[in-house]
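K.L.:
Input structure: structure.cif, which contains mmCIF, C-alpha atoms (C1' of nucleotides).
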```
data_run
loop_
_atom_site.label_atom_id
_atom_site.label_comp_id
_atom_site.auth_asym_id
_atom_site.auth_seq_id
_atom_site.Cartn_x
_atom_site.Cartn_y
_atom_site.Cartn_z
CA MET A 1 -34.56 5.29 55.22
CA LYS A 2 -31.20 3.71 55.15
CA LEU A 3 -28.91 1.42 53.29
CA THR A 4 -27.95 -1.69 55.21
CA SER A 5 -24.34 -2.62 55.52
CA LYS A 6 -24.89 -5.85 53.69
CA GLY A 7 -25.62 -3.90 50.53
CA ARG A 8 -22.89 -1.40 51.21
CA TYR A 9 -20.32 -4.09 51.88
CA ALA A 10 -21.31 -6.02 48.79
CA VAL A 11 -20.62 -3.02 46.61
CA MET A 12 -17.41 -2.12 48.41
CA ALA A 13 -16.13 -5.67 48.14
CA LEU A 14 -16.97 -5.90 44.46
CA VAL A 15 -15.24 -2.64 43.65
CA ASP A 16 -12.22 -3.95 45.47
CA LEU A 17 -12.46 -7.23 43.61
CA ALA A 18 -12.84 -5.49 40.27
CA LYS A 19 -9.74 -3.41 40.91
CA PHE A 20 -7.55 -6.41 41.65
CA ASN A 21 -9.23 -8.80 39.26
CA ASN A 22 -6.46 -9.29 36.76
CA ILE A 23 -5.41 -12.86 36.31
CA ASN A 24 -5.54 -14.30 39.79
CA PRO A 25 -8.59 -14.76 41.92
CA VAL A 26 -8.88 -12.42 44.88
CA SER A 27 -9.28 -13.99 48.29
CA LEU A 28 -11.89 -12.82 50.73
CA ARG A 29 -9.15 -12.55 53.29
CA ASP A 30 -7.49 -9.83 51.27
CA ILE A 31 -10.74 -7.98 50.77
CA SER A 32 -11.49 -8.35 54.42
CA LEU A 33 -8.19 -6.77 55.36
CA ARG A 34 -8.30 -4.00 52.80
CA GLN A 35 -11.90 -3.03 53.39
CA GLY A 36 -12.18 -3.77 57.07
CA ILE A 37 -15.12 -6.13 56.72
CA SER A 38 -15.47 -9.28 58.82
CA LEU A 39 -14.35 -12.35 56.89
CA ASP A 40 -17.30 -14.43 58.05
CA TYR A 41 -19.72 -11.79 56.96
CA LEU A 42 -18.02 -11.48 53.59
CA GLU A 43 -18.45 -15.19 53.07
CA GLN A 44 -22.17 -14.90 53.53
CA ILE A 45 -22.31 -12.04 51.10
CA PHE A 46 -20.24 -13.79 48.46
CA ALA A 47 -22.31 -16.94 48.73
CA LYS A 48 -25.23 -14.86 47.52
CA LEU A 49 -23.25 -13.12 44.83
CA ARG A 50 -22.16 -16.47 43.54
CA LYS A 51 -25.68 -17.86 43.45
CA LYS A 52 -26.67 -14.94 41.29
CA GLU A 53 -23.66 -15.55 39.05
CA ILE A 54 -22.07 -12.22 39.68
CA VAL A 55 -18.85 -13.84 40.84
CA GLN A 56 -17.21 -17.22 40.38
CA SER A 57 -15.30 -19.04 43.03
CA VAL A 58 -11.97 -20.79 42.77
CA ARG A 59 -11.36 -23.25 45.55
CA GLY A 60 -8.15 -24.37 47.15
CA THR A 61 -4.97 -22.53 48.01
CA GLN A 62 -4.47 -19.42 45.93
CA GLY A 63 -8.17 -19.54 45.33
CA GLY A 64 -10.61 -16.72 45.74
CA TYR A 65 -13.24 -15.04 43.62
CA ILE A 66 -13.33 -13.56 40.18
CA LEU A 67 -15.99 -11.55 38.42
CA ASN A 68 -18.29 -13.67 36.34
CA LYS A 69 -19.17 -10.86 33.94
CA LYS A 70 -17.57 -7.71 32.68
CA ALA A 71 -17.58 -4.93 35.22
CA LYS A 72 -19.51 -2.86 32.73
CA GLU A 73 -22.33 -5.35 32.73
CA ILE A 74 -22.74 -5.52 36.47
CA LYS A 75 -25.19 -2.88 37.58
CA LEU A 76 -25.78 -1.86 41.14
CA THR A 77 -29.29 -3.22 40.81
CA ASN A 78 -27.86 -6.69 40.22
CA ILE A 79 -25.68 -6.46 43.27
CA PHE A 80 -28.41 -5.28 45.58
CA GLU A 81 -30.83 -7.86 44.31
CA ALA A 82 -28.29 -10.58 44.94
CA VAL A 83 -27.87 -9.69 48.59
CA ASP A 84 -31.60 -9.10 49.14
CA GLU A 85 -31.20 -5.39 49.49
CA LYS A 86 -34.51 -4.45 48.02
CA VAL A 87 -35.85 -0.97 47.71
CA LYS A 88 -39.07 -1.04 49.63
CA THR A 89 -41.21 2.00 49.99
CA VAL A 90 -44.68 0.56 50.19
CA GLN A 91 -46.16 -1.90 52.59
CA CYS A 92 -49.18 -2.71 50.50
CA LYS A 93 -48.88 -6.02 48.73
CA LYS A 94 -48.40 -6.05 45.03
CA GLU A 95 -50.67 -9.01 44.47
CA SER A 96 -53.82 -7.16 45.32
CA LYS A 97 -53.23 -4.93 42.30
CA LYS A 98 -55.82 -2.38 43.33
CA GLY A 99 -56.22 -1.46 46.95
CA CYS A 100 -53.92 -1.25 49.90
CA ASN A 101 -54.28 -2.60 53.40
CA GLY A 102 -57.39 -4.51 52.58
CA LYS A 103 -59.17 -1.42 51.33
CA PRO A 104 -60.71 -1.36 47.89
CA VAL A 105 -58.78 1.73 46.82
CA LYS A 106 -55.13 2.58 46.59
CA CYS A 107 -53.89 4.53 49.58
CA LEU A 108 -53.52 8.27 49.13
CA THR A 109 -49.82 8.13 48.63
CA HIS A 110 -49.42 4.88 46.73
CA ASN A 111 -48.34 6.54 43.52
CA LEU A 112 -45.80 8.61 45.36
CA TRP A 113 -44.01 5.61 46.79
CA ASP A 114 -44.05 3.86 43.47
CA GLU A 115 -42.50 6.91 41.92
CA LEU A 116 -39.85 7.08 44.60
CA GLU A 117 -39.02 3.45 44.10
CA SER A 118 -38.52 3.96 40.39
CA HIS A 119 -36.45 7.03 41.07
CA ILE A 120 -34.05 5.09 43.24
CA ASN A 121 -33.97 2.00 41.07
CA ASN A 122 -33.26 4.22 38.14
CA PHE A 123 -30.11 5.39 39.83
CA PHE A 124 -29.05 1.84 40.58
CA ASN A 125 -29.71 0.74 37.04
CA LYS A 126 -27.50 3.38 35.54
CA LYS A 127 -24.43 2.74 37.66
CA SER A 128 -22.19 -0.14 36.80
CA LEU A 129 -19.29 -1.58 38.70
CA ASP A 130 -17.04 -0.28 35.98
CA ASP A 131 -18.24 3.26 36.58
CA LEU A 132 -17.30 2.96 40.20
CA VAL A 133 -13.84 1.64 39.51
CA LYS A 134 -13.23 4.44 37.04
CA ASP A 135 -14.47 7.09 39.43
CA ASN A 136 -12.01 5.69 41.84
CA GLU A 137 -9.04 5.73 39.54
CA GLU A 138 -9.67 9.32 38.60
CA LYS A 139 -9.72 10.26 42.21
CA SER A 140 -6.39 8.71 42.97
CA VAL A 141 -4.66 10.19 39.90
CA MET B 1 -33.31 -0.05 51.89
CA LYS B 2 -36.73 0.80 53.06
CA LEU B 3 -38.98 3.56 54.17
CA THR B 4 -40.19 3.24 57.73
CA SER B 5 -43.86 3.49 58.45
CA LYS B 6 -43.33 6.54 60.59
CA GLY B 7 -42.33 8.49 57.51
CA ARG B 8 -44.98 6.88 55.39
CA TYR B 9 -47.70 7.54 57.92
CA ALA B 10 -46.61 11.13 58.37
CA VAL B 11 -47.03 11.81 54.68
CA MET B 12 -50.30 9.91 54.44
CA ALA B 13 -51.72 11.74 57.40
CA LEU B 14 -50.68 15.11 56.07
CA VAL B 15 -52.18 14.47 52.67
CA ASP B 16 -55.37 13.50 54.42
CA LEU B 17 -55.18 16.60 56.56
CA ALA B 18 -54.51 18.83 53.57
CA LYS B 19 -57.52 17.45 51.77
CA PHE B 20 -59.89 18.17 54.62
CA ASN B 21 -58.17 21.29 55.83
CA ASN B 22 -60.82 23.85 54.92
CA ILE B 23 -62.01 25.84 57.86
CA ASN B 24 -62.18 23.36 60.68
CA PRO B 25 -59.29 21.53 62.24
CA VAL B 26 -59.08 17.84 61.49
CA SER B 27 -58.96 15.47 64.43
CA LEU B 28 -56.44 12.69 64.65
CA ARG B 29 -59.31 10.36 65.32
CA ASP B 30 -60.71 11.03 61.86
CA ILE B 31 -57.35 10.56 60.24
CA SER B 32 -56.83 7.41 62.22
CA LEU B 33 -60.11 5.97 60.99
CA ARG B 34 -59.71 7.05 57.40
CA GLN B 35 -56.11 5.99 57.03
CA GLY B 36 -56.09 3.01 59.34
CA ILE B 37 -53.26 4.27 61.50
CA SER B 38 -53.20 3.75 65.26
CA LEU B 39 -54.34 6.87 67.10
CA ASP B 40 -51.59 6.64 69.67
CA TYR B 41 -48.98 6.39 67.01
CA LEU B 42 -50.44 9.34 65.13
CA GLU B 43 -50.17 11.39 68.28
CA GLN B 44 -46.48 10.72 68.47
CA ILE B 45 -46.05 11.66 64.86
CA PHE B 46 -48.04 14.87 65.12
CA ALA B 47 -46.17 15.95 68.21
CA LYS B 48 -43.08 16.01 66.03
CA LEU B 49 -44.80 17.74 63.16
CA ARG B 50 -45.98 20.40 65.54
CA LYS B 51 -42.54 20.99 66.97
CA LYS B 52 -41.26 21.61 63.48
CA GLU B 53 -44.17 23.99 62.85
CA ILE B 54 -45.61 22.01 60.01
CA VAL B 55 -48.98 21.78 61.73
CA GLN B 56 -50.77 23.75 64.41
CA SER B 57 -52.92 22.24 67.08
CA VAL B 58 -56.34 23.34 68.27
CA ARG B 59 -57.28 21.93 71.63
CA GLY B 60 -60.64 21.05 73.06
CA THR B 61 -63.78 19.69 71.48
CA GLN B 62 -63.94 20.21 67.75
CA GLY B 63 -60.22 20.61 67.96
CA GLY B 64 -57.64 18.94 65.82
CA TYR B 65 -54.80 19.99 63.60
CA ILE B 66 -54.44 22.44 60.77
CA LEU B 67 -51.56 23.07 58.40
CA ASN B 68 -49.24 25.78 59.57
CA LYS B 69 -48.06 26.65 56.08
CA LYS B 70 -49.44 26.45 52.60
CA ALA B 71 -49.46 22.96 51.20
CA LYS B 72 -47.27 24.21 48.41
CA GLU B 73 -44.58 25.21 50.84
CA ILE B 74 -44.41 21.92 52.67
CA LYS B 75 -41.91 19.70 50.93
CA LEU B 76 -41.48 16.02 51.60
CA THR B 77 -38.04 16.81 52.94
CA ASN B 78 -39.59 18.90 55.69
CA ILE B 79 -41.94 16.13 56.66
CA PHE B 80 -39.30 13.46 56.78
CA GLU B 81 -36.94 15.66 58.72
CA ALA B 82 -39.63 16.35 61.25
CA VAL B 83 -40.23 12.70 62.01
CA ASP B 84 -36.52 11.82 61.98
CA GLU B 85 -36.74 9.88 58.78
CA LYS B 86 -33.29 10.66 57.49
CA VAL B 87 -31.81 9.33 54.33
CA LYS B 88 -28.73 7.50 55.44
CA THR B 89 -26.50 5.74 53.02
CA VAL B 90 -23.11 6.01 54.63
CA GLN B 91 -21.84 4.90 57.95
CA CYS B 92 -18.71 6.99 57.88
CA LYS B 93 -18.98 10.02 60.07
CA LYS B 94 -19.22 13.41 58.49
CA GLU B 95 -16.98 15.08 61.03
CA SER B 96 -13.88 13.32 59.91
CA LYS B 97 -14.20 15.07 56.54
CA LYS B 98 -11.60 12.93 54.86
CA GLY B 99 -11.40 9.27 55.65
CA CYS B 100 -13.89 6.63 56.63
CA ASN B 101 -13.82 4.06 59.36
CA GLY B 102 -10.72 5.48 60.91
CA LYS B 103 -8.74 5.17 57.73
CA PRO B 104 -6.96 8.17 56.29
CA VAL B 105 -8.72 7.89 52.93
CA LYS B 106 -12.32 7.89 51.87
CA CYS B 107 -13.69 4.42 51.34
CA LEU B 108 -13.90 3.20 47.76
CA THR B 109 -17.55 3.90 47.44
CA HIS B 110 -17.94 7.04 49.49
CA ASN B 111 -18.76 9.28 46.56
CA LEU B 112 -21.33 6.82 45.35
CA TRP B 113 -23.32 6.94 48.54
CA ASP B 114 -23.14 10.68 48.68
CA GLU B 115 -24.46 10.80 45.17
CA LEU B 116 -27.28 8.44 46.02
CA GLU B 117 -28.22 10.52 49.00
CA SER B 118 -28.46 13.64 46.89
CA HIS B 119 -30.46 11.78 44.31
CA ILE B 120 -33.06 10.78 46.83
CA ASN B 121 -33.12 14.06 48.65
CA ASN B 122 -33.56 15.77 45.36
CA PHE B 123 -36.74 13.85 44.84
CA PHE B 124 -38.00 14.78 48.28
CA ASN B 125 -37.17 18.42 47.76
CA LYS B 126 -39.18 18.68 44.60
CA LYS B 127 -42.39 17.17 45.88
CA SER B 128 -44.72 19.30 47.95
CA LEU B 129 -47.79 18.32 49.86
CA ASP B 130 -49.81 20.27 47.35
CA ASP B 131 -48.48 18.13 44.51
CA LEU B 132 -49.66 15.04 46.30
CA VAL B 133 -53.14 16.36 46.94
CA LYS B 134 -53.46 17.37 43.31
CA ASP B 135 -52.25 13.99 42.06
CA ASN B 136 -54.92 12.53 44.19
CA GLU B 137 -57.72 14.70 42.94
CA GLU B 138 -56.86 13.94 39.36
CA LYS B 139 -57.01 10.27 40.09
CA SER B 140 -60.47 10.40 41.58
CA VAL B 141 -61.93 12.55 38.79
"C1'" DA C 1 -70.01 18.98 84.14
"C1'" DG C 2 -68.86 16.16 80.52
"C1'" DA C 3 -67.07 14.92 76.29
"C1'" DT C 4 -63.74 15.48 72.95
"C1'" DA C 5 -59.30 16.09 71.66
"C1'" DC C 6 -54.58 17.27 72.27
"C1'" DT C 7 -50.02 16.27 75.41
"C1'" DT C 8 -46.46 13.72 77.40
"C1'" DG C 9 -43.55 10.15 78.77
"C1'" DA C 10 -42.66 5.56 79.75
"C1'" DC C 11 -42.87 0.96 78.42
"C1'" DT C 12 -42.57 -3.27 75.32
"C1'" DA C 13 -43.05 -6.96 71.79
"C1'" DT C 14 -41.35 -7.94 67.43
"C1'" DT C 15 -38.35 -7.74 63.72
"C1'" DT C 16 -34.20 -6.75 61.48
"C1'" DT C 17 -29.43 -6.29 61.33
"C1'" DA C 18 -24.95 -7.42 61.67
"C1'" DG C 19 -22.61 -10.20 62.71
"C1'" DT C 20 -20.17 -14.82 65.19
"C1'" DC C 21 -19.15 -19.69 65.53
"C1'" DG C 22 -18.15 -24.25 64.37
"C1'" DG C 23 -17.85 -27.36 61.53
"C1'" DG C 24 -16.93 -28.96 57.01
"C1'" DT C 25 -14.68 -29.66 51.60
"C1'" DT C 26 -11.40 -28.55 47.88
"C1'" DT C 27 -6.97 -27.96 45.95
"C1'" DA C 28 -2.08 -25.99 45.21
"C1'" DT C 29 2.33 -26.81 46.66
"C1'" DA C 30 6.26 -28.21 49.42
"C1'" DT D 1 0.92 -37.03 50.83
"C1'" DA D 2 0.52 -33.70 54.51
"C1'" DT D 3 -0.66 -29.20 55.26
"C1'" DA D 4 -2.43 -24.87 54.94
"C1'" DA D 5 -5.07 -21.63 52.42
"C1'" DA D 6 -9.16 -20.87 50.73
"C1'" DC D 7 -14.08 -21.62 49.90
"C1'" DC D 8 -18.70 -23.65 51.81
"C1'" DC D 9 -22.73 -24.06 54.85
"C1'" DG D 10 -25.97 -23.70 58.49
"C1'" DA D 11 -27.14 -22.46 62.97
"C1'" DC D 12 -26.98 -19.24 66.47
"C1'" DT D 13 -27.24 -14.58 68.89
"C1'" DA D 14 -26.58 -9.76 70.76
"C1'" DA D 15 -27.96 -5.37 69.88
"C1'" DA D 16 -30.55 -1.99 67.72
"C1'" DA D 17 -34.51 -0.21 65.48
"C1'" DT D 18 -39.36 -0.28 64.67
"C1'" DA D 19 -43.97 0.06 65.55
"C1'" DG D 20 -46.54 0.38 68.48
"C1'" DT D 21 -49.32 0.37 73.38
"C1'" DC D 22 -50.57 2.33 77.78
"C1'" DA D 23 -51.48 5.54 81.38
"C1'" DA D 24 -52.26 9.79 83.13
"C1'" DG D 25 -52.83 13.94 82.29
"C1'" DT D 26 -54.56 19.25 80.30
"C1'" DA D 27 -57.41 22.37 77.51
"C1'" DT D 28 -61.70 23.84 75.64
"C1'" DC D 29 -66.24 23.71 73.58
"C1'" DT D 30 -71.19 23.00 74.58
#
```
Is it possible to give me this structure as structure tokens?
P.N.:
Amino acid sequence: MKLTSKGRYAVMALVDLAKFNNINPVSLRDISLRQGISLDYLEQIFAKLRKKEIVQSVRGTQGGYILNKKAKEIKLTNIFEAVDEKVKTVQCKKESKKGCNGKPVKCLTHNLWDELESHINNFFNKKSLDDLVKDNEEKSV
Amino acid sequence: MKLTSKGRYAVMALVDLAKFNNINPVSLRDISLRQGISLDYLEQIFAKLRKKEIVQSVRGTQGGYILNKKAKEIKLTNIFEAVDEKVKTVQCKKESKKGCNGKPVKCLTHNLWDELESHINNFFNKKSLDDLVKDNEEKSV
DNA sequence: AGATACTTGACTATTTTAGTCGGGTTTATA
DNA sequence: TATAAACCCGACTAAAATAGTCAAGTATCT
């Protein structure tokens, strides 16, 4: 069970962005250099973040990205959703309501995985980008 | 972020085993049929569970596997560990104590991932095989 | 002896991940 | 108005992980 780097990078990049998000947009190039993430990969990630209206882009020289909402209002859940980092514990399709794997009954452990999923999502729902930035400032004080 | 089927199968199989674990050993063939998991794959999984002394094997006809501990004492953590289903949120190596990715400082989100890891592991530590079997019995009553 | 079941190790197809690459378009500024 | 910095977009791909399969055993009950 692991977090993919797409999700990890997205969060890292957004924390970076939030820290430097004063008046001027922040360029991906800067984030790339500071965080050590490939520029091309960052572009893919930000395309998704933009589609989900988490960031806004500013084109042209001196352009870059800015947050589209307050850092407090951006939860980890939103970020992960945007980059398709879903929490997936069960294989069984949701549609079939009852029953897993073609069987008429839920598999023995179905409830467990549902519970686990909620447990994790719960964590992601509580944490906002703002929390992360603050944690970070404290650390460096 | 997803659970692999090795981990999922291991837990499913053990719940099945725990349910039928009265006097006689339970054969993988039965588990395979009941849970719809490939026999060959189950064998791989049980080899690992045996090495970690979670189950005991009984060879020969009428053989199979039995739990090596009380269901109450087998936590999900133990099961996942046995089948190499680790919870991995960070890339950064543990050895280097301070610093991630060769840099002298921890990455912006290091604490976050550590926290997430604990959060998940906490869940796994609380749940025992016995809990799962009981949940299941309640459901079918 | 034969059937059932565990044991072991090698092999492999498929999928996912983590990018790269090559071409754009937009816009500030010199 | 030329140029460079930045975003924008889609296709491609190497490597790793996953989810198995397959083959050839060994042990033990009946």
K.L.:
When you get a sec, could you note down which chain B residues fall within 8 Å of chain D, using only C-alpha atoms (C1' of nucleotides), as a list in words?
P.N.:
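In the required form, that comes to Thr4, Ser5, Asp40, Tyr41, Arg59, Gly60, Thr61 and Gln62 of chain B.
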K.L.:
So which residues get picked by the PyMOL selection byres ((chain B) within 10 of (chain A)) here, written as a PDB file with C-alpha atoms, in the frame of the given file?
P.N.:
```pdb
ATOM      1  CA  MET B   1     -33.310  -0.050  51.890  1.00  0.00           C
ATOM      2  CA  LYS B   2     -36.730   0.800  53.060  1.00  0.00           C
ATOM      3  CA  LEU B   3     -38.980   3.560  54.170  1.00  0.00           C
ATOM      4  CA  THR B   4     -40.190   3.240  57.730  1.00  0.00           C
ATOM      5  CA  SER B   5     -43.860   3.490  58.450  1.00  0.00           C
ATOM      6  CA  GLY B   7     -42.330   8.490  57.510  1.00  0.00           C
ATOM      7  CA  ARG B   8     -44.980   6.880  55.390  1.00  0.00           C
ATOM      8  CA  TYR B   9     -47.700   7.540  57.920  1.00  0.00           C
ATOM      9  CA  VAL B  11     -47.030  11.810  54.680  1.00  0.00           C
ATOM     10  CA  MET B  12     -50.300   9.910  54.440  1.00  0.00           C
ATOM     11  CA  ALA B  13     -51.720  11.740  57.400  1.00  0.00           C
ATOM     12  CA  VAL B  15     -52.180  14.470  52.670  1.00  0.00           C
ATOM     13  CA  ASP B  16     -55.370  13.500  54.420  1.00  0.00           C
ATOM     14  CA  GLN B  35     -56.110   5.990  57.030  1.00  0.00           C
ATOM     15  CA  GLY B  36     -56.090   3.010  59.340  1.00  0.00           C
ATOM     16  CA  PHE B  80     -39.300  13.460  56.780  1.00  0.00           C
ATOM     17  CA  ASP B  84     -36.520  11.820  61.980  1.00  0.00           C
ATOM     18  CA  GLU B  85     -36.740   9.880  58.780  1.00  0.00           C
ATOM     19  CA  LYS B  86     -33.290  10.660  57.490  1.00  0.00           C
ATOM     20  CA  VAL B  87     -31.810   9.330  54.330  1.00  0.00           C
ATOM     21  CA  LYS B  88     -28.730   7.500  55.440  1.00  0.00           C
ATOM     22  CA  THR B  89     -26.500   5.740  53.020  1.00  0.00           C
ATOM     23  CA  VAL B  90     -23.110   6.010  54.630  1.00  0.00           C
ATOM     24  CA  GLN B  91     -21.840   4.900  57.950  1.00  0.00           C
ATOM     25  CA  ASN B 101     -13.820   4.060  59.360  1.00  0.00           C
ATOM     26  CA  LYS B 103      -8.740   5.170  57.730  1.00  0.00           C
ATOM     27  CA  CYS B 107     -13.690   4.420  51.340  1.00  0.00           C
ATOM     28  CA  LEU B 108     -13.900   3.200  47.760  1.00  0.00           C
ATOM     29  CA  THR B 109     -17.550   3.900  47.440  1.00  0.00           C
ATOM     30  CA  HIS B 110     -17.940   7.040  49.490  1.00  0.00           C
ATOM     31  CA  ASN B 111     -18.760   9.280  46.560  1.00  0.00           C
ATOM     32  CA  LEU B 112     -21.330   6.820  45.350  1.00  0.00           C
ATOM     33  CA  TRP B 113     -23.320   6.940  48.540  1.00  0.00           C
ATOM     34  CA  GLU B 115     -24.460  10.800  45.170  1.00  0.00           C
ATOM     35  CA  LEU B 116     -27.280   8.440  46.020  1.00  0.00           C
ATOM     36  CA  GLU B 117     -28.220  10.520  49.000  1.00  0.00           C
ATOM     37  CA  HIS B 119     -30.460  11.780  44.310  1.00  0.00           C
ATOM     38  CA  ILE B 120     -33.060  10.780  46.830  1.00  0.00           C
ATOM     39  CA  PHE B 123     -36.740  13.850  44.840  1.00  0.00           C
ATOM     40  CA  PHE B 124     -38.000  14.780  48.280  1.00  0.00           C
ATOM     41  CA  LYS B 127     -42.390  17.170  45.880  1.00  0.00           C
ATOM     42  CA  ASP B 131     -48.480  18.130  44.510  1.00  0.00           C
ATOM     43  CA  LEU B 132     -49.660  15.040  46.300  1.00  0.00           C
ATOM     44  CA  VAL B 133     -53.140  16.360  46.940  1.00  0.00           C
ATOM     45  CA  ASP B 135     -52.250  13.990  42.060  1.00  0.00           C
ATOM     46  CA  ASN B 136     -54.920  12.530  44.190  1.00  0.00           C
ATOM     47  CA  GLU B 137     -57.720  14.700  42.940  1.00  0.00           C
ATOM     48  CA  LYS B 139     -57.010  10.270  40.090  1.00  0.00           C
TER      49      LYS B 139
END
```
K.L.:
Using all atoms listed in the file, find the residues of chain C whose closest atom to chain B is at most 12 Å away, then write them as a list of chain:residue names.
P.N.:
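The answer, sorted by residue number, is C:DG2, C:DA3, C:DT4, C:DA5, C:DC6, C:DT7, C:DT8, C:DG9, C:DT16, C:DT17.
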K.L.:
Give me, please, the distance in Å between CA of Ile31 (chain B) and CA of Leu14 (chain B), quoted to one decimal.
P.N.:
9.1 Å
K.L.:
Identify which of the residues A:Lys51, A:Leu67, A:Lys106, A:Val26 lies closest to Val83 (chain A), counting all atoms listed in the file when measuring atom-to-atom distances.
P.N.:
A:Lys51
K.L.:
CA of Asp130 (chain A) and CA of Lys69 (chain A), how far apart in Å?
P.N.:
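Result for CA of Lys69 (chain A) versus CA of Asp130 (chain A): 11.0 Å, one decimal.
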K.L.:
For CA of Glu53 (chain A) and C1' of DT26 (chain C), quote the distance in Å rounded to one decimal.
P.N.:
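Going from CA of Glu53 (chain A) over to C1' of DT26 (chain C), I get 19.9 Å.
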K.L.:
Smallest atom-to-atom distance to DA18 (chain C): which of A:Ser128, A:Ser38, A:Asn122, A:Asn78, using all atoms listed in the file?
P.N.:
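Smallest distance to DA18 (chain C) is found for A:Ser38.
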